[in-house]
>>> print(open('start-v4.txt').read())   # compact mmCIF, C-alpha atoms
# COMPACT_ATOMS: atom_id res chain seq x y z
CA MET A 1 -21.78 -25.88 21.97
CA GLY A 2 -19.15 -23.19 21.87
CA PRO A 3 -16.60 -22.13 20.81
CA LEU A 4 -18.63 -21.99 17.59
CA ILE A 5 -16.00 -21.71 14.83
CA PRO A 6 -13.56 -24.39 16.11
CA ASN A 7 -16.51 -26.76 16.56
CA GLY A 8 -17.80 -26.12 13.03
CA VAL A 9 -21.14 -24.61 14.11
CA ILE A 10 -20.21 -21.53 12.07
CA PRO A 11 -18.17 -22.26 8.90
CA TYR A 12 -14.49 -21.35 9.11
CA GLU A 13 -14.86 -18.94 6.17
CA TRP A 14 -16.63 -16.52 8.52
CA ASN A 15 -13.54 -16.28 10.72
CA ASN A 16 -12.01 -13.15 9.16
CA ILE A 17 -15.37 -11.41 8.75
CA ILE A 18 -16.09 -11.96 12.43
CA ALA A 19 -12.58 -10.67 13.18
CA ILE A 20 -13.39 -7.34 11.51
CA ILE A 21 -16.74 -7.06 13.29
CA ILE A 22 -15.16 -7.86 16.68
CA GLY A 23 -12.40 -5.34 15.92
CA ILE A 24 -14.92 -2.60 15.10
CA VAL A 25 -16.71 -3.09 18.42
CA PHE A 26 -13.36 -3.30 20.26
CA GLY A 27 -12.14 -0.04 18.70
CA PHE A 28 -15.43 1.74 19.25
CA VAL A 29 -15.65 0.77 22.93
CA LEU A 30 -12.00 1.69 23.64
CA GLU A 31 -12.26 5.06 21.89
CA ALA A 32 -15.60 5.93 23.47
CA SER A 33 -14.14 5.07 26.89
CA GLY A 34 -11.41 7.64 26.30
CA PHE A 35 -8.57 5.22 25.56
CA SER A 36 -7.44 7.20 22.53
CA SER A 37 -6.05 9.80 24.96
CA SER A 38 -2.60 9.06 26.37
CA ARG A 39 -3.08 11.62 29.13
CA LYS A 40 -6.25 9.89 30.28
CA LEU A 41 -4.54 6.49 30.19
CA ALA A 42 -1.47 7.67 32.12
CA GLY A 43 -3.77 9.09 34.82
CA VAL A 44 -3.96 5.70 36.51
CA PHE A 45 -0.25 5.90 37.40
CA TYR A 46 -0.58 9.37 38.97
CA GLY A 47 -4.01 9.10 40.54
CA TYR A 48 -5.82 11.78 38.53
CA ASP A 49 -7.86 9.44 36.31
CA PHE A 50 -8.64 5.80 37.02
CA ALA A 51 -10.49 4.96 33.80
CA VAL A 52 -7.88 2.31 32.89
CA LEU A 53 -8.30 0.50 36.21
CA LYS A 54 -12.10 0.63 36.03
CA VAL A 55 -12.50 -0.38 32.40
CA PHE A 56 -9.79 -3.04 32.55
CA PHE A 57 -10.97 -4.81 35.69
CA THR A 58 -14.67 -4.51 34.87
CA ALA A 59 -13.96 -6.10 31.48
CA ALA A 60 -11.83 -8.85 33.01
CA LEU A 61 -14.50 -9.71 35.58
CA VAL A 62 -17.45 -9.60 33.16
CA SER A 63 -15.67 -11.91 30.71
CA LEU A 64 -14.41 -14.19 33.49
CA ILE A 65 -17.81 -14.55 35.17
CA GLY A 66 -19.50 -14.85 31.77
CA ILE A 67 -17.22 -17.69 30.67
CA LEU A 68 -17.75 -19.55 33.96
CA TYR A 69 -21.53 -19.21 33.62
CA MET A 70 -21.56 -20.30 29.98
CA ASP A 71 -19.37 -23.28 30.86
CA TYR A 72 -21.66 -24.16 33.78
CA LEU A 73 -24.79 -23.88 31.61
CA GLY A 74 -23.18 -25.93 28.83
CA TYR A 75 -22.96 -23.25 26.12
CA ILE A 76 -19.20 -23.28 25.98
CA ASN A 77 -16.56 -25.85 26.76
CA MET A 78 -13.90 -24.14 28.83
CA GLU A 79 -11.43 -26.94 28.08
CA GLN A 80 -11.43 -25.89 24.40
CA LEU A 81 -10.58 -22.24 25.04
CA TYR A 82 -7.05 -21.09 24.28
CA VAL A 83 -5.17 -20.45 27.51
CA HIS A 84 -2.27 -18.01 27.14
CA PRO A 85 0.85 -20.13 27.90
CA THR A 86 3.01 -19.45 30.93
CA TYR A 87 6.69 -18.82 30.29
CA LEU A 88 7.44 -17.57 33.79
CA TRP A 89 10.39 -15.22 33.27
CA GLY A 90 9.23 -14.16 29.83
CA ALA A 91 5.92 -13.07 31.35
CA ILE A 92 7.66 -11.16 34.17
CA ILE A 93 10.47 -9.49 32.21
CA GLY A 94 8.27 -8.79 29.19
CA GLY A 95 5.69 -7.24 31.52
CA VAL A 96 8.33 -5.07 33.21
CA ILE A 97 9.60 -3.80 29.83
CA MET A 98 6.01 -3.08 28.76
CA GLY A 99 5.33 -1.29 32.06
CA VAL A 100 8.17 1.17 31.43
CA GLY A 101 6.99 1.62 27.85
CA PHE A 102 3.43 2.26 29.04
CA VAL A 103 4.42 5.09 31.40
CA SER A 104 6.84 6.54 28.87
CA ALA A 105 4.38 6.63 25.97
CA GLY A 106 0.97 6.53 27.67
CA PHE A 107 -0.32 3.95 25.24
CA CYS A 108 -0.52 0.21 24.87
CA PRO A 109 -0.80 -1.30 21.36
CA GLY A 110 -4.60 -1.61 21.29
CA THR A 111 -5.25 1.90 22.57
CA SER A 112 -2.62 3.36 20.22
CA LEU A 113 -4.51 1.95 17.23
CA CYS A 114 -7.60 3.85 18.42
CA ALA A 115 -5.55 7.04 18.70
CA VAL A 116 -4.06 6.50 15.23
CA ALA A 117 -7.60 6.18 13.87
CA ILE A 118 -8.52 9.68 15.09
CA GLY A 119 -5.29 11.26 13.86
CA LYS A 120 -3.02 11.48 16.91
CA ILE A 121 0.50 11.98 15.63
CA ASP A 122 2.10 10.79 18.88
CA ALA A 123 0.24 7.49 18.44
CA ILE A 124 1.51 7.09 14.88
CA VAL A 125 5.06 7.61 16.16
CA TYR A 126 4.35 5.10 18.94
CA VAL A 127 3.17 2.41 16.49
CA ILE A 128 6.32 2.97 14.42
CA GLY A 129 8.23 2.51 17.70
CA ILE A 130 6.46 -0.79 18.37
CA MET A 131 7.40 -2.04 14.92
CA VAL A 132 11.02 -0.97 15.50
CA GLY A 133 10.92 -2.83 18.83
CA ILE A 134 9.60 -5.99 17.18
CA PHE A 135 12.32 -5.63 14.53
CA ILE A 136 15.02 -5.31 17.22
CA PHE A 137 13.66 -8.35 19.06
CA SER A 138 13.58 -10.41 15.86
CA GLU A 139 17.10 -9.42 14.79
CA LEU A 140 18.46 -10.20 18.27
CA TYR A 141 16.28 -13.30 18.62
CA THR A 142 19.20 -15.54 19.52
CA VAL A 143 19.87 -13.29 22.53
CA PHE A 144 16.24 -13.40 23.67
CA GLN A 145 15.60 -17.03 22.75
CA PRO A 146 16.48 -18.63 26.14
CA LEU A 147 14.08 -16.20 27.83
CA TYR A 148 11.43 -16.56 25.12
CA GLU A 149 11.38 -20.34 25.13
CA GLY A 150 12.54 -21.13 28.65
CA TYR A 151 10.80 -21.55 32.01
CA PHE A 152 7.80 -23.08 30.24
CA TYR A 153 5.03 -24.36 32.49
CA GLY A 154 2.42 -25.16 29.83
CA ASN A 155 -0.95 -23.57 29.15
CA ILE A 156 -1.73 -23.49 32.85
CA THR A 157 -4.40 -21.66 34.78
CA LEU A 158 -4.35 -20.35 38.34
CA MET A 159 -6.23 -23.52 39.32
CA ASP A 160 -3.34 -25.68 38.09
CA SER A 161 -0.72 -23.44 39.71
CA PHE A 162 -2.25 -22.94 43.13
CA GLY A 163 -4.98 -25.57 43.35
CA ILE A 164 -7.61 -23.01 44.26
CA ASN A 165 -11.31 -23.29 43.46
CA ARG A 166 -12.07 -21.09 40.46
CA TYR A 167 -15.47 -19.96 41.74
CA TRP A 168 -14.00 -18.81 45.05
CA PHE A 169 -11.14 -17.14 43.24
CA VAL A 170 -13.52 -15.14 41.02
CA PHE A 171 -15.60 -14.20 44.06
CA VAL A 172 -12.55 -12.90 45.96
CA PHE A 173 -11.21 -11.19 42.83
CA THR A 174 -14.56 -9.39 42.43
CA ILE A 175 -14.43 -8.13 46.02
CA ILE A 176 -10.85 -6.92 45.51
CA ALA A 177 -11.87 -5.10 42.32
CA ILE A 178 -14.80 -3.34 44.01
CA LEU A 179 -12.52 -2.27 46.88
CA ALA A 180 -9.99 -0.99 44.34
CA PHE A 181 -12.72 1.04 42.60
CA VAL A 182 -13.82 2.64 45.90
CA ILE A 183 -10.24 3.40 46.98
CA SER A 184 -9.37 4.84 43.55
CA ASP A 185 -12.25 7.32 43.85
CA LEU A 186 -11.00 8.38 47.29
CA ILE A 187 -7.47 8.90 45.94
CA ARG A 188 -8.69 10.87 42.94
CA LYS A 189 -10.54 13.34 45.17
CA ARG A 190 -7.32 14.15 47.02
CA ARG A 191 -5.26 14.68 43.86
CA LYS A 192 -4.79 17.89 41.98
CA LYS A 193 -7.09 17.88 38.97
CA ILE A 194 -5.43 17.56 35.58
CA PHE A 195 -7.21 18.90 32.53
CA TYR A 196 -6.55 17.66 29.03
CA MET B 1 -19.38 30.40 37.30
CA ASN B 2 -16.56 29.16 35.18
CA ILE B 3 -15.76 25.62 36.16
CA GLN B 4 -12.88 24.12 34.23
CA LYS B 5 -13.79 20.84 32.61
CA ASN B 6 -12.11 18.30 30.40
CA LYS B 7 -12.66 19.07 26.74
CA HIS B 8 -13.99 15.65 25.95
CA THR B 9 -16.59 13.60 27.68
CA TYR B 10 -16.29 9.87 27.52
CA TRP B 11 -18.45 6.93 28.50
CA ASN B 12 -18.82 5.91 32.09
CA PRO B 13 -15.81 3.57 32.61
CA TYR B 14 -17.95 0.82 34.13
CA PHE B 15 -20.24 0.89 31.09
CA GLY B 16 -17.26 0.73 28.72
CA GLY B 17 -15.70 -2.05 30.79
CA PHE B 18 -18.96 -4.00 30.81
CA LEU B 19 -19.28 -3.83 27.02
CA LEU B 20 -15.62 -4.76 26.61
CA GLY B 21 -16.14 -7.76 28.88
CA ILE B 22 -19.17 -8.87 26.84
CA LEU B 23 -17.07 -8.50 23.68
CA ILE B 24 -14.27 -10.69 25.11
CA LEU B 25 -16.89 -13.27 26.11
CA PHE B 26 -18.37 -13.16 22.59
CA THR B 27 -14.89 -13.52 21.06
CA PHE B 28 -14.12 -16.62 23.13
CA TYR B 29 -17.59 -18.03 22.34
CA MET B 30 -17.04 -17.54 18.60
CA THR B 31 -13.35 -18.29 18.10
CA GLY B 32 -12.14 -20.01 21.27
CA ARG B 33 -9.46 -17.32 21.63
CA GLY B 34 -9.24 -13.80 22.99
CA LEU B 35 -8.50 -10.38 21.55
CA GLY B 36 -5.10 -9.02 20.55
CA ALA B 37 -3.37 -5.94 19.22
CA SER B 38 0.41 -6.28 18.99
CA GLY B 39 0.10 -9.43 16.89
CA ALA B 40 -1.07 -7.39 13.90
CA MET B 41 1.99 -5.13 14.18
CA LYS B 42 4.24 -8.19 14.28
CA SER B 43 2.59 -9.43 11.07
CA GLY B 44 3.32 -6.00 9.58
CA VAL B 45 7.02 -6.19 10.48
CA VAL B 46 7.34 -9.76 9.18
CA THR B 47 5.68 -8.75 5.90
CA ILE B 48 7.98 -5.75 5.41
CA VAL B 49 11.15 -7.73 6.18
CA ASP B 50 10.00 -10.61 3.98
CA ALA B 51 9.33 -8.21 1.10
CA LEU B 52 12.66 -6.39 1.41
CA ALA B 53 14.93 -9.30 2.31
CA SER B 54 13.20 -12.61 1.75
CA ASN B 55 16.30 -14.74 2.39
CA HIS B 56 16.99 -12.98 5.64
CA ALA B 57 13.42 -13.56 6.84
CA GLU B 58 13.66 -17.27 6.03
CA ASN B 59 17.00 -17.66 7.79
CA ASN B 60 16.00 -15.75 10.92
CA ALA B 61 14.62 -18.14 13.53
CA TYR B 62 11.90 -15.68 14.61
CA TYR B 63 10.54 -14.33 11.31
CA SER B 64 10.56 -17.79 9.80
CA LYS B 65 7.96 -18.92 12.35
CA PHE B 66 5.48 -16.57 10.69
CA VAL B 67 6.46 -16.72 6.99
CA LYS B 68 4.47 -19.30 5.07
CA ASP B 69 4.66 -20.00 1.37
CA GLU B 70 0.96 -20.31 0.71
CA LYS B 71 -0.31 -17.13 2.38
CA SER B 72 0.85 -13.70 3.44
CA PRO B 73 1.47 -13.04 7.15
CA LEU B 74 -1.06 -10.23 6.78
CA ASN B 75 -3.78 -12.79 6.08
CA SER B 76 -4.37 -13.45 9.78
CA TRP B 77 -7.22 -13.09 12.24
CA LEU B 78 -5.38 -10.46 14.29
CA VAL B 79 -4.69 -8.25 11.27
CA PHE B 80 -8.37 -8.24 10.29
CA GLU B 81 -9.28 -7.51 13.90
CA ALA B 82 -6.79 -4.59 14.00
CA LEU B 83 -8.33 -3.16 10.81
CA GLY B 84 -11.67 -3.36 12.57
CA VAL B 85 -10.24 -1.50 15.59
CA LEU B 86 -9.16 1.35 13.30
CA ILE B 87 -12.64 1.50 11.73
CA GLY B 88 -14.47 1.29 15.06
CA ALA B 89 -12.34 3.95 16.73
CA PHE B 90 -12.73 6.20 13.68
CA ILE B 91 -16.53 5.89 13.90
CA SER B 92 -16.56 6.62 17.63
CA GLY B 93 -14.12 9.53 17.30
CA GLY B 94 -16.04 10.88 14.32
CA LEU B 95 -19.38 10.80 16.12
CA ALA B 96 -17.83 12.61 19.11
CA GLY B 97 -15.94 15.17 17.00
CA ARG B 98 -12.49 14.06 18.10
CA ILE B 99 -10.86 13.53 14.70
CA GLY B 100 -7.93 15.73 13.72
CA TRP B 101 -4.16 15.72 13.27
CA ARG B 102 -2.69 16.61 16.62
CA THR B 103 -0.04 15.68 19.14
CA GLN B 104 -1.44 15.45 22.62
CA HIS B 105 0.96 16.39 25.40
CA SER B 106 1.15 18.14 28.73
CA PRO B 107 1.62 21.92 28.38
CA LYS B 108 4.78 21.55 30.48
CA ILE B 109 6.67 19.61 27.82
CA THR B 110 7.44 20.27 24.17
CA LYS B 111 5.92 18.42 21.26
CA ASN B 112 9.29 16.94 20.33
CA ARG B 113 9.82 15.61 23.82
CA ARG B 114 6.41 13.97 23.69
CA LEU B 115 7.15 12.35 20.33
CA LEU B 116 10.55 11.15 21.57
CA PHE B 117 9.04 9.47 24.62
CA ALA B 118 6.25 8.00 22.49
CA LEU B 119 8.86 6.47 20.16
CA GLY B 120 10.96 5.13 23.03
CA GLY B 121 7.91 3.73 24.81
CA GLY B 122 6.81 2.08 21.59
CA ILE B 123 10.19 0.40 21.09
CA LEU B 124 10.10 -0.94 24.66
CA PHE B 125 6.50 -2.13 24.29
CA GLY B 126 7.35 -3.84 21.00
CA ILE B 127 10.22 -5.78 22.61
CA GLY B 128 8.25 -6.53 25.80
CA ALA B 129 5.22 -7.80 23.92
CA GLN B 130 7.40 -10.33 22.07
CA VAL B 131 9.18 -11.48 25.24
CA ALA B 132 5.85 -11.97 27.03
CA ARG B 133 4.13 -13.35 23.89
CA GLY B 134 1.37 -10.77 24.01
CA CYS B 135 0.50 -7.26 25.11
CA THR B 136 -2.10 -5.79 27.45
CA SER B 137 -4.88 -7.15 25.21
CA GLY B 138 -3.60 -10.55 24.18
CA ALA B 139 -1.68 -11.63 27.27
CA ALA B 140 -3.12 -9.68 30.19
CA LEU B 141 -6.81 -9.09 29.37
CA SER B 142 -7.56 -12.21 27.32
CA GLY B 143 -5.32 -14.30 29.58
CA MET B 144 -7.15 -13.17 32.69
CA ALA B 145 -10.52 -14.08 31.14
CA VAL B 146 -9.53 -17.75 31.14
CA LEU B 147 -7.54 -17.50 34.41
CA SER B 148 -4.18 -18.05 32.66
CA THR B 149 -1.33 -17.89 35.17
CA GLY B 150 0.94 -16.19 32.63
CA GLY B 151 -1.77 -13.63 31.84
CA PHE B 152 -2.09 -12.65 35.50
CA ILE B 153 1.70 -12.48 35.93
CA THR B 154 2.08 -10.22 32.87
CA MET B 155 -0.77 -7.97 34.05
CA LEU B 156 0.83 -7.59 37.50
CA ALA B 157 4.26 -6.96 35.94
CA ILE B 158 2.97 -4.26 33.55
CA PHE B 159 0.96 -2.29 36.10
CA GLY B 160 3.34 -2.93 39.02
CA THR B 161 6.27 -1.61 37.00
CA GLY B 162 4.14 1.27 35.78
CA PHE B 163 3.52 2.43 39.33
CA LEU B 164 7.16 1.88 40.33
CA VAL B 165 8.64 3.96 37.51
CA ALA B 166 5.85 6.57 37.28
CA TYR B 167 7.83 8.93 39.50
CA PHE B 168 10.65 9.22 36.93
CA PHE B 169 8.27 10.17 34.14
CA ARG B 170 6.07 12.53 36.15
CA LYS B 171 7.16 15.66 34.30
CA ASN B 172 5.61 14.29 31.11
CA TRP B 173 2.18 13.88 32.61
CA ILE B 174 1.49 16.02 35.70
>>> encode(input="start-v4.txt", output="structure tokens")
Amino acid sequence: MGPLIPNGVIPYEWNNIIAIIIGIVFGFVLEASGFSSSRKLAGVFYGYDFAVLKVFFTAALVSLIGILYMDYLGYINMEQLYVHPTYLWGAIIGGVIMGVGFVSAGFCPGTSLCAVAIGKIDAIVYVIGIMVGIFIFSELYTVFQPLYEGYFYGNITLMDSFGINRYWFVFVFTIIAILAFVISDLIRKRRKKIFY
Amino acid sequence: MNIQKNKHTYWNPYFGGFLLGILILFTFYMTGRGLGASGAMKSGVVTIVDALASNHAENNAYYSKFVKDEKSPLNSWLVFEALGVLIGAFISGGLAGRIGWRTQHSPKITKNRRLLFALGGGILFGIGAQVARGCTSGAALSGMAVLSTGGFITMLAIFGTGFLVAYFFRKNWI
């Protein structure tokens, strides 16, 4: 019964080794999908390349449907999985700040690590920027603290928040994603091609 | 015929997305948690500050959450995972012939402008990822996999804002 390490099926000592293996696959898949290129990533915001949309939503749906199936078949206990906590305004304002940073730099932290690995100097500068940002946040923590710790709703899911059936939600979400993929291809055909 | 093409060819995005989804599923099955990226950089900052000014790190309410006497902040799952990301991306880039020191930018802007915007974007992302307790990987992608409300909100906020402000940054990209 999963998750395997928290339930002691695999000894805890394997945790860091599995972390490196998972990281290697993560980095390989992101780089091979073109996520080491800021110009490819930024394409989603201008309509000339929708790789981010396609990779991101395909990944979200595959993992979501996979977890529901494994829970249903008894391989994994969904109750034991870590649910990212909801701090309402922290999630919104943090997301807005990250959105501006994303368009400005063309990277997010995971993709920038891939770009650092293949020698992109702009990505190295970006990672230094992230560390400066974390430093600023930490030094000004008392300013951010009410936002960071406030508006806490617990480790809630969409089911708790809206009372919707998770299977129906995933079904509707899948339809929306497929529509988004089709529409994105239509938009891309109308846009001026960008070469990089 | 001389058809202009992109210099690099990448995987089909649906194939990459499928494998990434399987990896997230595997990660939850193994560890009960999702992936992450900015967490490793936070561990890096905490380690540097703790090494240079140990008292300051202990007295600061944020660093002190992550400084423990018995082990280094770098001894964490996310740091090992980030090392793996560097290795994996290096292998993929190496196999595809994409490794080399370069600054990638639109021909319409200078290299310095690109580096300046990369630095500024990094600073914003660093602050935002702390406020939202995770970045695109840890909060949005891994959060969505378990239907976390906060994960969906952060995802919508990141991409919604991206589309809203894209107009002001257009010179950098198109």
>>> atom_distance(input="start-v4.txt", atom1="atom CA of Gly97 of chain B", atom2="atom CA of Val79 of chain B")
26.6 Å
>>> closest_residue(input="start-v4.txt", among="B:Ala51, B:Ala61, B:Leu78, B:Ile174", to="Ile21 of chain A", atoms="only C-alpha atoms")
B:Leu78
>>> atom_distance(input="start-v4.txt", atom1="atom CA of Ile17 of chain A", atom2="atom CA of Gly36 of chain B")
15.8 Å
>>> residues_near_point(input="start-v4.txt", point="(-9.5, 1.3, 44.2)", cutoff="12 Å", atoms="all atoms listed in the file", output="number ranges by chain")
A: 44, 47, 49-54, 57, 174-188
>>> residues_around(input="start-v4.txt", residues="Gly101 of chain A", least_positions_apart="6", cutoff="8 Å", atoms="all atoms listed in the file", output="ChimeraX atom specification")
/B:120-125
>>> residues_around(input="start-v4.txt", residues="Ile156 of chain A", least_positions_apart="3", cutoff="9 Å", atoms="all atoms listed in the file", output="MDAnalysis selection string")
(chainID A and resid 83:86 153 159:161) or (chainID B and resid 147:150)
>>> write_last_selection(input="start-v4.txt", atoms="C-alpha atoms", output="mmCIF file, in the coordinates of the input")
data_model
loop_
_atom_site.group_PDB
_atom_site.id
_atom_site.type_symbol
_atom_site.label_atom_id
_atom_site.label_comp_id
_atom_site.auth_asym_id
_atom_site.auth_seq_id
_atom_site.Cartn_x
_atom_site.Cartn_y
_atom_site.Cartn_z
ATOM 1 C CA VAL A 83 -5.170 -20.450 27.510
ATOM 2 C CA HIS A 84 -2.270 -18.010 27.140
ATOM 3 C CA PRO A 85 0.850 -20.130 27.900
ATOM 4 C CA THR A 86 3.010 -19.450 30.930
ATOM 5 C CA TYR A 153 5.030 -24.360 32.490
ATOM 6 C CA MET A 159 -6.230 -23.520 39.320
ATOM 7 C CA ASP A 160 -3.340 -25.680 38.090
ATOM 8 C CA SER A 161 -0.720 -23.440 39.710
ATOM 9 C CA LEU B 147 -7.540 -17.500 34.410
ATOM 10 C CA SER B 148 -4.180 -18.050 32.660
ATOM 11 C CA THR B 149 -1.330 -17.890 35.170
ATOM 12 C CA GLY B 150 0.940 -16.190 32.630
#
>>> residues_around(input="start-v4.txt", residues="segment 60-67 of chain A", least_positions_apart="5", cutoff="9 Å", atoms="all atoms listed in the file", output="number ranges by chain")
A: 55, 72, 76, 78, 167, 170, 173-174, 177; B: 17-26, 28-29, 141-142, 144-147
>>> residues_around(input="start-v4.txt", residues="Met155 of chain B", least_positions_apart="5", cutoff="8 Å", atoms="only C-alpha atoms", output="PyMOL selection string")
(chain A and resi 95) or (chain B and resi 136+139-141)
>>> closest_residue(input="start-v4.txt", among="B:Glu81, B:Arg170, B:Asp69, B:Ala96", to="chain A", atoms="only C-alpha atoms")
B:Glu81
>>> atom_distance(input="start-v4.txt", atom1="atom CA of Gly74 of chain A", atom2="atom CA of Tyr12 of chain A")
22.0 Å
